[in-house]
>>> print(open('upload35.txt').read())   # compact mmCIF, C-alpha atoms and all ligand atoms
# COMPACT_ATOMS: atom_id res chain seq x y z
CA VAL A 163 4.91 18.27 -21.86
CA LYS A 164 3.18 16.52 -24.74
CA LYS A 165 3.60 12.83 -24.05
CA ILE A 166 3.58 11.18 -20.65
CA GLY A 167 3.98 7.60 -19.48
CA VAL A 168 2.31 5.75 -16.63
CA LEU A 169 3.37 2.55 -14.87
CA THR A 170 2.45 0.48 -11.83
CA SER A 171 5.25 -1.11 -9.85
CA GLY A 172 6.02 -3.25 -6.82
CA GLY A 173 3.29 -4.87 -4.74
CA ASP A 174 -0.10 -4.26 -6.33
CA SER A 175 -2.99 -2.64 -4.51
CA PRO A 176 -6.71 -2.21 -5.19
CA GLY A 177 -7.29 1.15 -6.88
CA MET A 178 -4.17 1.13 -9.04
CA ASN A 179 -6.41 0.64 -12.08
CA ALA A 180 -8.56 3.59 -11.09
CA ALA A 181 -5.37 5.67 -10.84
CA VAL A 182 -4.15 4.53 -14.28
CA ARG A 183 -7.54 5.35 -15.75
CA ALA A 184 -7.49 8.82 -14.20
CA VAL A 185 -3.98 9.57 -15.50
CA VAL A 186 -4.96 8.44 -19.01
CA ARG A 187 -8.25 10.30 -19.19
CA ALA A 188 -7.11 13.47 -17.42
CA GLY A 189 -4.02 13.48 -19.67
CA ILE A 190 -6.05 13.14 -22.85
CA ASP A 191 -8.42 15.79 -21.55
CA GLN A 192 -5.41 18.15 -21.29
CA GLY A 193 -4.39 17.38 -24.86
CA LEU A 194 -1.56 14.99 -23.95
CA GLN A 195 -0.75 11.58 -25.37
CA VAL A 196 -0.51 8.97 -22.64
CA TYR A 197 1.60 5.81 -22.82
CA GLY A 198 1.25 2.74 -20.64
CA VAL A 199 4.42 0.97 -19.55
CA TYR A 200 3.83 -2.72 -18.82
CA ASP A 201 5.21 -4.61 -15.80
CA GLY A 202 6.69 -1.61 -14.03
CA TYR A 203 10.38 -0.80 -14.41
CA LEU A 204 10.94 -4.09 -16.22
CA GLY A 205 8.76 -2.87 -19.10
CA LEU A 206 10.57 0.44 -19.07
CA TYR A 207 13.86 -1.40 -19.54
CA GLU A 208 12.47 -3.82 -22.13
CA ASN A 209 10.65 -1.02 -23.94
CA HIS A 210 7.23 -2.56 -23.46
CA ILE A 211 5.37 0.69 -23.96
CA GLU A 212 2.07 1.35 -25.77
CA GLU A 213 -0.14 4.35 -26.29
CA LEU A 214 -3.37 4.22 -24.29
CA THR A 215 -6.70 5.70 -25.35
CA ARG A 216 -9.78 6.58 -23.33
CA ARG A 217 -11.14 3.22 -24.41
CA SER A 218 -8.06 1.27 -23.30
CA VAL A 219 -8.99 2.09 -19.71
CA SER A 220 -12.71 1.33 -19.99
CA ASN A 221 -14.16 -1.09 -17.45
CA ILE A 222 -11.20 -1.08 -15.09
CA ILE A 223 -12.19 1.44 -12.40
CA ASN A 224 -13.86 -1.34 -10.42
CA ARG A 225 -11.15 -3.97 -10.82
CA GLY A 226 -8.45 -4.92 -8.34
CA GLY A 227 -4.87 -5.60 -9.41
CA THR A 228 -3.36 -3.63 -12.26
CA VAL A 229 -4.06 -4.07 -15.96
CA LEU A 230 -0.59 -2.68 -16.71
CA GLY A 231 1.01 -5.49 -14.72
CA SER A 232 3.65 -5.07 -12.09
CA ALA A 233 7.06 -6.61 -11.42
CA ARG A 234 9.87 -6.77 -8.96
CA PHE A 235 12.92 -5.71 -10.95
CA PRO A 236 15.85 -5.16 -8.57
CA GLN A 237 18.20 -4.53 -11.51
CA PHE A 238 16.62 -1.07 -11.73
CA LYS A 239 18.97 -0.04 -8.92
CA GLU A 240 21.82 -0.20 -11.47
CA LEU A 241 22.55 3.06 -13.27
CA SER A 242 23.18 1.39 -16.64
CA VAL A 243 19.75 -0.27 -16.49
CA ARG A 244 18.08 3.03 -15.69
CA GLU A 245 20.00 4.74 -18.49
CA LYS A 246 18.55 2.22 -20.95
CA ALA A 247 15.07 2.94 -19.54
CA VAL A 248 15.51 6.69 -20.00
CA GLU A 249 16.78 6.09 -23.55
CA ASN A 250 13.60 4.15 -24.33
CA LEU A 251 11.44 6.95 -22.97
CA LYS A 252 13.35 9.60 -24.90
CA ALA A 253 13.22 7.58 -28.12
CA ALA A 254 9.41 7.57 -27.80
CA ASN A 255 9.47 11.32 -26.98
CA ILE A 256 7.84 10.64 -23.62
CA ASP A 257 8.65 13.69 -21.47
CA ALA A 258 7.59 12.55 -18.02
CA LEU A 259 6.44 9.50 -16.08
CA VAL A 260 3.78 8.82 -13.47
CA VAL A 261 4.82 5.96 -11.16
CA ILE A 262 2.10 4.29 -9.10
CA GLY A 263 3.54 2.09 -6.36
CA GLY A 264 5.02 1.74 -2.91
CA ASP A 265 8.23 2.64 -1.19
CA GLY A 266 10.52 0.73 -3.56
CA SER A 267 8.80 2.16 -6.62
CA TYR A 268 9.28 5.64 -5.19
CA MET A 269 13.01 4.89 -4.86
CA GLY A 270 13.03 4.11 -8.59
CA ALA A 271 11.15 7.34 -9.38
CA LYS A 272 13.53 9.27 -7.16
CA ALA A 273 16.51 7.73 -8.96
CA LEU A 274 15.10 8.72 -12.36
CA THR A 275 14.40 12.24 -11.08
CA GLU A 276 18.01 12.50 -9.86
CA MET A 277 19.10 11.57 -13.40
CA GLY A 278 17.13 14.56 -14.68
CA TYR A 279 14.07 12.63 -15.86
CA PRO A 280 10.86 14.06 -14.31
CA CYS A 281 8.61 11.61 -12.43
CA ILE A 282 5.53 11.98 -10.30
CA GLY A 283 4.87 9.32 -7.64
CA LEU A 284 1.38 8.20 -6.64
CA PRO A 285 1.15 6.16 -3.43
CA GLY A 286 -0.22 2.74 -4.42
CA THR A 287 0.14 0.22 -1.59
CA ILE A 288 -2.08 -1.37 1.03
CA ASP A 289 0.58 -0.77 3.70
CA ASN A 290 -0.07 2.98 4.18
CA ASP A 291 3.66 3.44 4.71
CA ILE A 292 4.44 6.24 2.26
CA ASN A 293 5.77 9.57 3.48
CA GLY A 294 3.81 12.70 2.60
CA THR A 295 0.31 11.25 2.58
CA ASP A 296 -2.31 10.41 5.20
CA TYR A 297 -3.59 7.50 3.10
CA THR A 298 -2.34 5.36 0.24
CA ILE A 299 -4.42 3.96 -2.60
CA GLY A 300 -5.57 0.48 -1.54
CA PHE A 301 -5.34 0.87 2.22
CA PHE A 302 -9.07 1.10 2.91
CA THR A 303 -9.93 -1.74 0.55
CA ALA A 304 -7.42 -3.98 2.30
CA LEU A 305 -8.80 -2.85 5.64
CA ASN A 306 -12.28 -4.01 4.62
CA THR A 307 -10.84 -7.35 3.52
CA VAL A 308 -9.09 -7.78 6.86
CA LEU A 309 -12.26 -6.84 8.76
CA GLU A 310 -14.26 -9.42 6.86
CA ALA A 311 -11.68 -12.07 7.78
CA ILE A 312 -11.69 -11.00 11.45
CA ASP A 313 -15.51 -11.12 11.57
CA ARG A 314 -15.41 -14.70 10.31
CA LEU A 315 -12.66 -15.69 12.73
CA ARG A 316 -14.63 -14.15 15.56
CA ASP A 317 -17.65 -16.37 14.80
CA THR A 318 -15.64 -19.55 14.95
CA SER A 319 -13.24 -18.57 17.75
CA THR A 320 -16.17 -17.58 19.97
CA SER A 321 -17.95 -20.87 19.33
CA HIS A 322 -14.84 -22.93 20.01
CA HIS A 323 -13.38 -20.88 22.88
CA ARG A 324 -10.29 -20.34 20.85
CA ILE A 325 -7.66 -17.62 20.66
CA SER A 326 -7.10 -16.37 17.11
CA ILE A 327 -3.96 -14.61 16.03
CA VAL A 328 -4.52 -12.75 12.76
CA GLU A 329 -1.37 -11.85 10.87
CA ILE A 330 -1.91 -8.67 8.86
CA MET A 331 0.26 -7.10 6.17
CA GLY A 332 1.95 -3.71 6.48
CA ARG A 333 5.68 -4.49 6.40
CA HIS A 334 7.14 -2.04 8.94
CA CYS A 335 3.91 -0.08 9.32
CA GLY A 336 1.20 -0.98 11.84
CA ASP A 337 -1.56 1.23 10.36
CA LEU A 338 -3.52 -1.62 8.77
CA THR A 339 -3.28 -3.65 11.98
CA VAL A 340 -4.35 -0.80 14.27
CA SER A 341 -7.36 0.12 12.14
CA ALA A 342 -8.31 -3.55 11.77
CA ALA A 343 -7.97 -4.07 15.53
CA ILE A 344 -10.36 -1.19 16.23
CA GLY A 345 -12.83 -2.04 13.46
CA GLY A 346 -12.70 -5.76 14.19
CA GLY A 347 -12.86 -5.37 17.97
CA ALA A 348 -9.61 -7.28 18.52
CA GLU A 349 -8.56 -7.77 22.15
CA PHE A 350 -4.88 -7.22 21.40
CA CYS A 351 -2.99 -5.19 18.83
CA ILE A 352 0.68 -5.87 18.13
CA VAL A 353 2.50 -3.56 15.75
CA PRO A 354 6.14 -2.97 14.81
CA GLU A 355 6.06 0.60 16.15
CA ARG A 356 5.34 -0.68 19.66
CA GLY A 357 6.93 -4.13 19.47
CA LEU A 358 5.81 -7.31 21.20
CA ASP A 359 6.15 -7.97 24.91
CA GLU A 360 5.38 -11.68 24.87
CA ALA A 361 5.31 -12.13 28.65
CA ASP A 362 2.92 -9.21 29.03
CA LEU A 363 0.61 -10.53 26.28
CA ILE A 364 0.49 -13.99 27.85
CA ALA A 365 -0.10 -12.57 31.33
CA LYS A 366 -3.04 -10.52 30.03
CA LEU A 367 -4.49 -13.49 28.17
CA LYS A 368 -4.21 -15.63 31.32
CA ALA A 369 -5.94 -12.93 33.36
CA GLN A 370 -8.69 -12.87 30.77
CA VAL A 371 -9.10 -16.65 30.99
CA GLY A 372 -9.22 -16.29 34.78
CA ARG A 373 -12.17 -13.90 34.39
CA GLY A 374 -13.94 -16.53 32.31
CA LYS A 375 -13.42 -15.06 28.86
CA LYS A 376 -12.40 -17.91 26.63
CA HIS A 377 -11.77 -16.37 23.26
CA ALA A 378 -9.67 -13.52 21.94
CA ILE A 379 -8.51 -11.98 18.72
CA VAL A 380 -4.91 -10.86 18.52
CA ALA A 381 -4.18 -8.56 15.57
CA LEU A 382 -0.50 -8.84 14.65
CA THR A 383 1.51 -7.10 11.94
CA GLU A 384 3.60 -9.39 9.73
CA LYS A 385 7.33 -9.73 10.51
CA VAL A 386 6.98 -8.73 14.19
CA THR A 387 7.23 -12.39 15.20
CA ASP A 388 6.41 -15.88 13.92
CA ALA A 389 2.63 -16.08 14.31
CA ASN A 390 2.51 -19.88 14.49
CA ALA A 391 5.24 -20.10 17.12
CA LEU A 392 3.47 -17.42 19.15
CA ALA A 393 0.22 -19.41 18.91
CA GLN A 394 1.96 -22.52 20.28
CA LYS A 395 3.39 -20.58 23.21
CA ILE A 396 0.05 -19.01 24.06
CA GLU A 397 -1.70 -22.37 23.88
CA ALA A 398 0.90 -23.95 26.16
CA GLU A 399 0.63 -21.11 28.70
CA THR A 400 -3.12 -20.51 28.73
CA GLY A 401 -4.42 -24.00 27.99
CA LEU A 402 -6.75 -22.54 25.37
CA GLU A 403 -6.60 -23.72 21.78
CA THR A 404 -4.76 -21.02 19.80
CA ARG A 405 -4.47 -20.74 16.05
CA ALA A 406 -2.69 -18.31 13.75
CA THR A 407 -4.29 -17.21 10.50
CA ILE A 408 -1.94 -15.58 8.04
CA LEU A 409 -4.11 -13.54 5.70
CA GLY A 410 -1.38 -13.10 3.09
CA HIS A 411 -2.05 -11.95 -0.45
CA ILE A 412 -5.84 -12.08 -0.05
CA GLN A 413 -5.34 -8.61 1.41
CA ARG A 414 -3.98 -7.22 -1.82
CA GLY A 415 -6.86 -8.30 -4.06
CA GLY A 416 -10.49 -7.39 -4.58
CA ASN A 417 -12.48 -4.53 -6.03
CA PRO A 418 -11.45 -1.15 -4.66
CA THR A 419 -13.84 0.49 -2.20
CA ALA A 420 -15.50 3.84 -2.83
CA PHE A 421 -12.78 5.72 -0.95
CA ASP A 422 -9.94 4.14 -2.93
CA ARG A 423 -11.65 4.78 -6.29
CA LEU A 424 -12.13 8.43 -5.40
CA LEU A 425 -8.64 8.82 -3.98
CA ALA A 426 -7.07 7.19 -7.04
CA SER A 427 -9.16 9.29 -9.44
CA ARG A 428 -8.29 12.53 -7.65
CA MET A 429 -4.60 11.71 -7.36
CA GLY A 430 -4.28 10.55 -10.97
CA SER A 431 -5.85 13.73 -12.29
CA TYR A 432 -3.73 15.85 -9.92
CA ALA A 433 -0.53 14.17 -11.17
CA VAL A 434 -1.41 15.25 -14.71
CA ASP A 435 -2.10 18.82 -13.53
CA LEU A 436 1.33 18.94 -11.90
CA LEU A 437 3.06 17.72 -15.06
CA VAL A 438 1.18 20.23 -17.20
CA GLN A 439 2.31 22.98 -14.81
CA GLY A 440 5.88 21.84 -15.43
CA GLU A 441 6.34 20.19 -12.04
CA GLY A 442 8.51 17.05 -11.94
CA GLY A 443 10.16 15.08 -9.19
CA ARG A 444 7.11 15.30 -6.98
CA CYS A 445 5.03 12.79 -5.05
CA VAL A 446 1.33 13.20 -4.48
CA GLY A 447 -0.41 12.80 -1.17
CA ILE A 448 -3.62 13.62 0.62
CA HIS A 449 -3.57 15.58 3.86
CA ASN A 450 -6.76 16.62 5.69
CA ASP A 451 -8.68 15.75 2.50
CA GLN A 452 -6.58 18.17 0.41
CA LEU A 453 -4.34 16.94 -2.36
CA VAL A 454 -0.73 17.90 -1.72
CA HIS A 455 2.62 17.32 -3.37
CA HIS A 456 6.14 17.10 -2.05
CA ASP A 457 9.63 16.90 -3.45
CA ILE A 458 10.07 13.17 -4.00
CA ILE A 459 13.73 13.19 -2.91
CA ASP A 460 12.92 15.10 0.27
CA ALA A 461 9.95 12.82 0.96
CA MET A 462 12.11 9.72 0.69
CA GLU A 463 15.12 11.05 2.55
CA ASN A 464 13.78 13.37 5.23
CA MET A 465 10.05 13.01 5.80
CA ARG A 466 8.65 10.51 8.30
CA ARG A 467 5.14 9.29 8.85
CA PRO A 468 4.35 9.69 12.52
CA PHE A 469 2.73 6.62 14.11
CA ASN A 470 -0.85 7.34 15.14
CA ASP A 471 -0.54 6.88 18.91
CA LYS A 472 -4.10 8.04 19.57
CA LEU A 473 -5.53 5.36 17.29
CA PHE A 474 -3.30 2.74 18.90
CA ASP A 475 -4.43 3.82 22.38
CA LEU A 476 -8.05 3.66 21.23
CA SER A 477 -7.56 0.05 20.13
CA ILE A 478 -6.50 -0.77 23.71
CA LYS A 479 -9.15 1.35 25.40
CA LEU A 480 -12.01 -0.29 23.52
CA ALA A 481 -10.68 -3.85 23.63
P1 LIG B 1 6.98 -1.46 -3.62
O1 LIG B 1 6.99 -0.37 -4.65
O2 LIG B 1 5.63 -2.07 -3.45
O3 LIG B 1 7.62 -1.02 -2.33
P2 LIG B 1 9.44 -2.93 -4.28
O4 LIG B 1 10.14 -2.57 -3.03
O5 LIG B 1 9.60 -4.31 -4.79
O6 LIG B 1 7.86 -2.67 -4.18
O7 LIG B 1 9.92 -1.92 -5.41
C1 LIG B 1 9.41 -2.00 -6.71
C2 LIG B 1 10.49 -1.84 -7.71
O8 LIG B 1 11.07 -0.53 -7.63
C3 LIG B 1 11.67 -2.78 -7.58
O9 LIG B 1 11.43 -4.06 -8.08
C4 LIG B 1 12.73 -2.03 -8.39
O10 LIG B 1 12.51 -2.23 -9.77
C5 LIG B 1 12.43 -0.57 -8.06
N1 LIG B 1 13.32 -0.08 -6.99
C6 LIG B 1 13.28 -0.39 -5.66
N2 LIG B 1 14.26 0.22 -4.98
C7 LIG B 1 14.98 0.92 -5.89
C8 LIG B 1 16.14 1.79 -5.83
N3 LIG B 1 16.79 2.02 -4.67
N4 LIG B 1 16.57 2.34 -6.96
C9 LIG B 1 15.95 2.12 -8.14
N5 LIG B 1 14.86 1.33 -8.27
C10 LIG B 1 14.37 0.74 -7.17
>>> encode(input="upload35.txt", output="structure tokens")
Amino acid sequence: VKKIGVLTSGGDSPGMNAAVRAVVRAGIDQGLQVYGVYDGYLGLYENHIEELTRRSVSNIINRGGTVLGSARFPQFKELSVREKAVENLKAANIDALVVIGGDGSYMGAKALTEMGYPCIGLPGTIDNDINGTDYTIGFFTALNTVLEAIDRLRDTSTSHHRISIVEIMGRHCGDLTVSAAIGGGAEFCIVPERGLDEADLIAKLKAQVGRGKKHAIVALTEKVTDANALAQKIEAETGLETRATILGHIQRGGNPTAFDRLLASRMGSYAVDLLVQGEGGRCVGIHNDQLVHHDIIDAMENMRRPFNDKLFDLSIKLA
């Protein structure tokens, strides 16, 4: 391997820049030339590729978002589109690619690997929903953002005797919600892995009102139910003002926390080590604070992230 490429793809997450920086600098340190691909798989297809130097990644370790840009490019599912992308890489003599992104981006990296082009996946998403890793780059930064929002909601919902539903990102993964519920002291935690029992939630809220407690925070993962409709139902049943706050894209921005900067730096450097050792078609993870790598096809097709039942139970115990 002499030349490698790096791209960020899909939903952005804080710490992607730190990962790009690590790939570039660790690569140069190993004597490689490193190329940045702009706007994810779209840039790969459109041949928007430039060599990066140590200086090109100065002053980005602390910045949220991704300086390489990201894109949703569903056409990448088509073989002919991917063939064009591989042609572009080969024309530039780029031997391997580091893909930083979420589930969808991993599917793209897996598809390239299956075509014989070596890729290494780094888990960049706030959702913490990637197989083969305990944590993804961006998860803890997003968690801090959610906690800050919950703290503020708590101030005002306590003063106004109001029930606050906080809708938290995570797609089909409740990790962000569970951790935010514990850290934010939420009274209720509703996640896709456990589903929503509306009658049970309302009964518990009513019982709480009966005991004289007039405010509550309900942490809810996106897509489980319509947060505003749920708020209306709860208000009608309990008689307490109930409002939904949908945190939305705020959760994806901001400067990465210490943990995410370190995780991204370690994973980026590790990806380069793997490529130098001739490994391709792998995805990088962290397990019990050790960097690990798995076959990317196996990770996507066969591995599953177990839901953390203990953490979920703790959120209920301490509520
Ligand atoms: P994320 O990586 O955050 O999950 P997406 O699901 O939007 O975000 O995926 C990012 C990009 O990865 C897509 O826009 C597309 O270009 C590519 N991609 C997703 N699924 C596939 C697939 N099955 N095959 C090839 N490329 C894919």
>>> axis_aligned_box(input="upload35.txt", around="range 181-192 of chain A", padding_each_side="5 Å", output="JSON")
{"center_x": -6.2, "center_y": 11.3, "center_z": -16.8, "size_x": 14.4, "size_y": 23.6, "size_z": 22.0}
>>> closest_residue(input="upload35.txt", among="A:Val199, A:Val248, A:Ile262, A:Ala254", to="ligand LIG 1 (chain B)", atoms="all atoms listed in the file")
A:Ile262
>>> closest_residue(input="upload35.txt", among="A:Gly401, A:Gly440, A:Gly266, A:Gly410", to="Ile330 in chain A", atoms="all atoms listed in the file")
A:Gly410
>>> atom_distance(input="upload35.txt", atom1="CA of Val243 in chain A", atom2="atom N5 of ligand LIG 1 (chain B)")
9.7 Å
>>> closest_atom_pairs(input="upload35.txt", of="range 204-321 of chain A", to="range 419-425 of chain A", cutoff="10 Å", atoms="only C-alpha atoms", output="tab-separated table")
residue	atom	partner	partner_atom	distance
A:Ile223	CA	A:Arg423	CA	7.0
A:Asn224	CA	A:Arg423	CA	7.7
A:Arg225	CA	A:Arg423	CA	9.9
A:Gly226	CA	A:Thr419	CA	9.8
A:Gly286	CA	A:Asp422	CA	9.9
A:Tyr297	CA	A:Leu425	CA	8.8
A:Thr298	CA	A:Asp422	CA	8.3
A:Ile299	CA	A:Asp422	CA	5.5
A:Gly300	CA	A:Asp422	CA	5.9
A:Phe301	CA	A:Asp422	CA	7.6
A:Phe302	CA	A:Asp422	CA	6.6
A:Thr303	CA	A:Thr419	CA	5.3
A:Ala304	CA	A:Thr419	CA	9.0
A:Leu305	CA	A:Thr419	CA	9.9
A:Asn306	CA	A:Thr419	CA	8.3
>>> residues_near_ligand(input="upload35.txt", ligand="ligand LIG 1 (chain B)", cutoff="8 Å", atoms="all atoms listed in the file", output="number ranges by chain")
A: 171-174, 202-204, 233-240, 244, 263-274, 286-287
>>> build_atoms(input="upload35.txt", residues="range 367-395 of chain A", atoms="N, CA and C atoms", output="mmCIF file, keeping the file's coordinate frame")
data_model
loop_
_atom_site.group_PDB
_atom_site.id
_atom_site.type_symbol
_atom_site.label_atom_id
_atom_site.label_comp_id
_atom_site.auth_asym_id
_atom_site.auth_seq_id
_atom_site.Cartn_x
_atom_site.Cartn_y
_atom_site.Cartn_z
ATOM 1 N N LEU A 367 -3.587 -12.440 28.667
ATOM 2 C CA LEU A 367 -4.490 -13.490 28.170
ATOM 3 C C LEU A 367 -4.881 -14.432 29.317
ATOM 4 N N LYS A 368 -3.917 -14.740 30.179
ATOM 5 C CA LYS A 368 -4.210 -15.630 31.320
ATOM 6 C C LYS A 368 -5.223 -14.972 32.261
ATOM 7 N N ALA A 369 -5.018 -13.662 32.490
ATOM 8 C CA ALA A 369 -5.940 -12.930 33.360
ATOM 9 C C ALA A 369 -7.351 -12.965 32.776
ATOM 10 N N GLN A 370 -7.406 -12.851 31.467
ATOM 11 C CA GLN A 370 -8.690 -12.870 30.770
ATOM 12 C C GLN A 370 -9.360 -14.232 30.948
ATOM 13 N N VAL A 371 -8.571 -15.298 30.810
ATOM 14 C CA VAL A 371 -9.100 -16.650 30.990
ATOM 15 C C VAL A 371 -9.596 -16.807 32.429
ATOM 16 N N GLY A 372 -8.829 -16.231 33.376
ATOM 17 C CA GLY A 372 -9.220 -16.290 34.780
ATOM 18 C C GLY A 372 -10.572 -15.635 35.034
ATOM 19 N N ARG A 373 -10.872 -14.587 34.242
ATOM 20 C CA ARG A 373 -12.170 -13.900 34.390
ATOM 21 C C ARG A 373 -13.279 -14.631 33.651
ATOM 22 N N GLY A 374 -12.920 -15.715 32.978
ATOM 23 C CA GLY A 374 -13.940 -16.530 32.310
ATOM 24 C C GLY A 374 -14.111 -16.236 30.834
ATOM 25 N N LYS A 375 -13.302 -15.336 30.287
ATOM 26 C CA LYS A 375 -13.420 -15.060 28.860
ATOM 27 C C LYS A 375 -12.534 -16.034 28.095
ATOM 28 N N LYS A 376 -13.124 -16.787 27.201
ATOM 29 C CA LYS A 376 -12.400 -17.910 26.630
ATOM 30 C C LYS A 376 -12.084 -17.752 25.139
ATOM 31 N N HIS A 377 -12.203 -16.565 24.643
ATOM 32 C CA HIS A 377 -11.770 -16.370 23.260
ATOM 33 C C HIS A 377 -11.143 -14.989 23.143
ATOM 34 N N ALA A 378 -10.312 -14.828 22.152
ATOM 35 C CA ALA A 378 -9.670 -13.520 21.940
ATOM 36 C C ALA A 378 -9.155 -13.447 20.523
ATOM 37 N N ILE A 379 -9.123 -12.219 20.023
ATOM 38 C CA ILE A 379 -8.510 -11.980 18.720
ATOM 39 C C ILE A 379 -7.260 -11.143 18.951
ATOM 40 N N VAL A 380 -6.169 -11.602 18.428
ATOM 41 C CA VAL A 380 -4.910 -10.860 18.520
ATOM 42 C C VAL A 380 -4.550 -10.407 17.105
ATOM 43 N N ALA A 381 -4.568 -9.105 16.880
ATOM 44 C CA ALA A 381 -4.180 -8.560 15.570
ATOM 45 C C ALA A 381 -2.676 -8.305 15.601
ATOM 46 N N LEU A 382 -1.967 -8.867 14.647
ATOM 47 C CA LEU A 382 -0.500 -8.840 14.650
ATOM 48 C C LEU A 382 0.015 -8.436 13.272
ATOM 49 N N THR A 383 0.908 -7.460 13.223
ATOM 50 C CA THR A 383 1.510 -7.100 11.940
ATOM 51 C C THR A 383 2.554 -8.142 11.534
ATOM 52 N N GLU A 384 2.600 -8.447 10.254
ATOM 53 C CA GLU A 384 3.600 -9.390 9.730
ATOM 54 C C GLU A 384 5.005 -8.976 10.165
ATOM 55 N N LYS A 385 5.895 -9.939 10.238
ATOM 56 C CA LYS A 385 7.330 -9.730 10.510
ATOM 57 C C LYS A 385 7.659 -9.358 11.954
ATOM 58 N N VAL A 386 6.651 -9.062 12.798
ATOM 59 C CA VAL A 386 6.980 -8.730 14.190
ATOM 60 C C VAL A 386 7.490 -9.986 14.893
ATOM 61 N N THR A 387 6.821 -11.116 14.630
ATOM 62 C CA THR A 387 7.230 -12.390 15.200
ATOM 63 C C THR A 387 6.625 -13.506 14.355
ATOM 64 N N ASP A 388 7.004 -14.742 14.624
ATOM 65 C CA ASP A 388 6.410 -15.880 13.920
ATOM 66 C C ASP A 388 5.046 -16.178 14.547
ATOM 67 N N ALA A 389 3.990 -15.971 13.778
ATOM 68 C CA ALA A 389 2.630 -16.080 14.310
ATOM 69 C C ALA A 389 2.326 -17.497 14.808
ATOM 70 N N ASN A 390 2.796 -18.499 14.088
ATOM 71 C CA ASN A 390 2.510 -19.880 14.490
ATOM 72 C C ASN A 390 3.242 -20.252 15.777
ATOM 73 N N ALA A 391 4.480 -19.816 15.895
ATOM 74 C CA ALA A 391 5.240 -20.100 17.120
ATOM 75 C C ALA A 391 4.598 -19.392 18.310
ATOM 76 N N LEU A 392 4.141 -18.159 18.080
ATOM 77 C CA LEU A 392 3.470 -17.420 19.150
ATOM 78 C C LEU A 392 2.198 -18.151 19.589
ATOM 79 N N ALA A 393 1.451 -18.675 18.599
ATOM 80 C CA ALA A 393 0.220 -19.410 18.910
ATOM 81 C C ALA A 393 0.531 -20.619 19.790
ATOM 82 N N GLN A 394 1.589 -21.340 19.480
ATOM 83 C CA GLN A 394 1.960 -22.520 20.280
ATOM 84 C C GLN A 394 2.288 -22.136 21.716
ATOM 85 N N LYS A 395 3.031 -21.040 21.862
ATOM 86 C CA LYS A 395 3.390 -20.580 23.210
ATOM 87 C C LYS A 395 2.149 -20.209 24.013
#
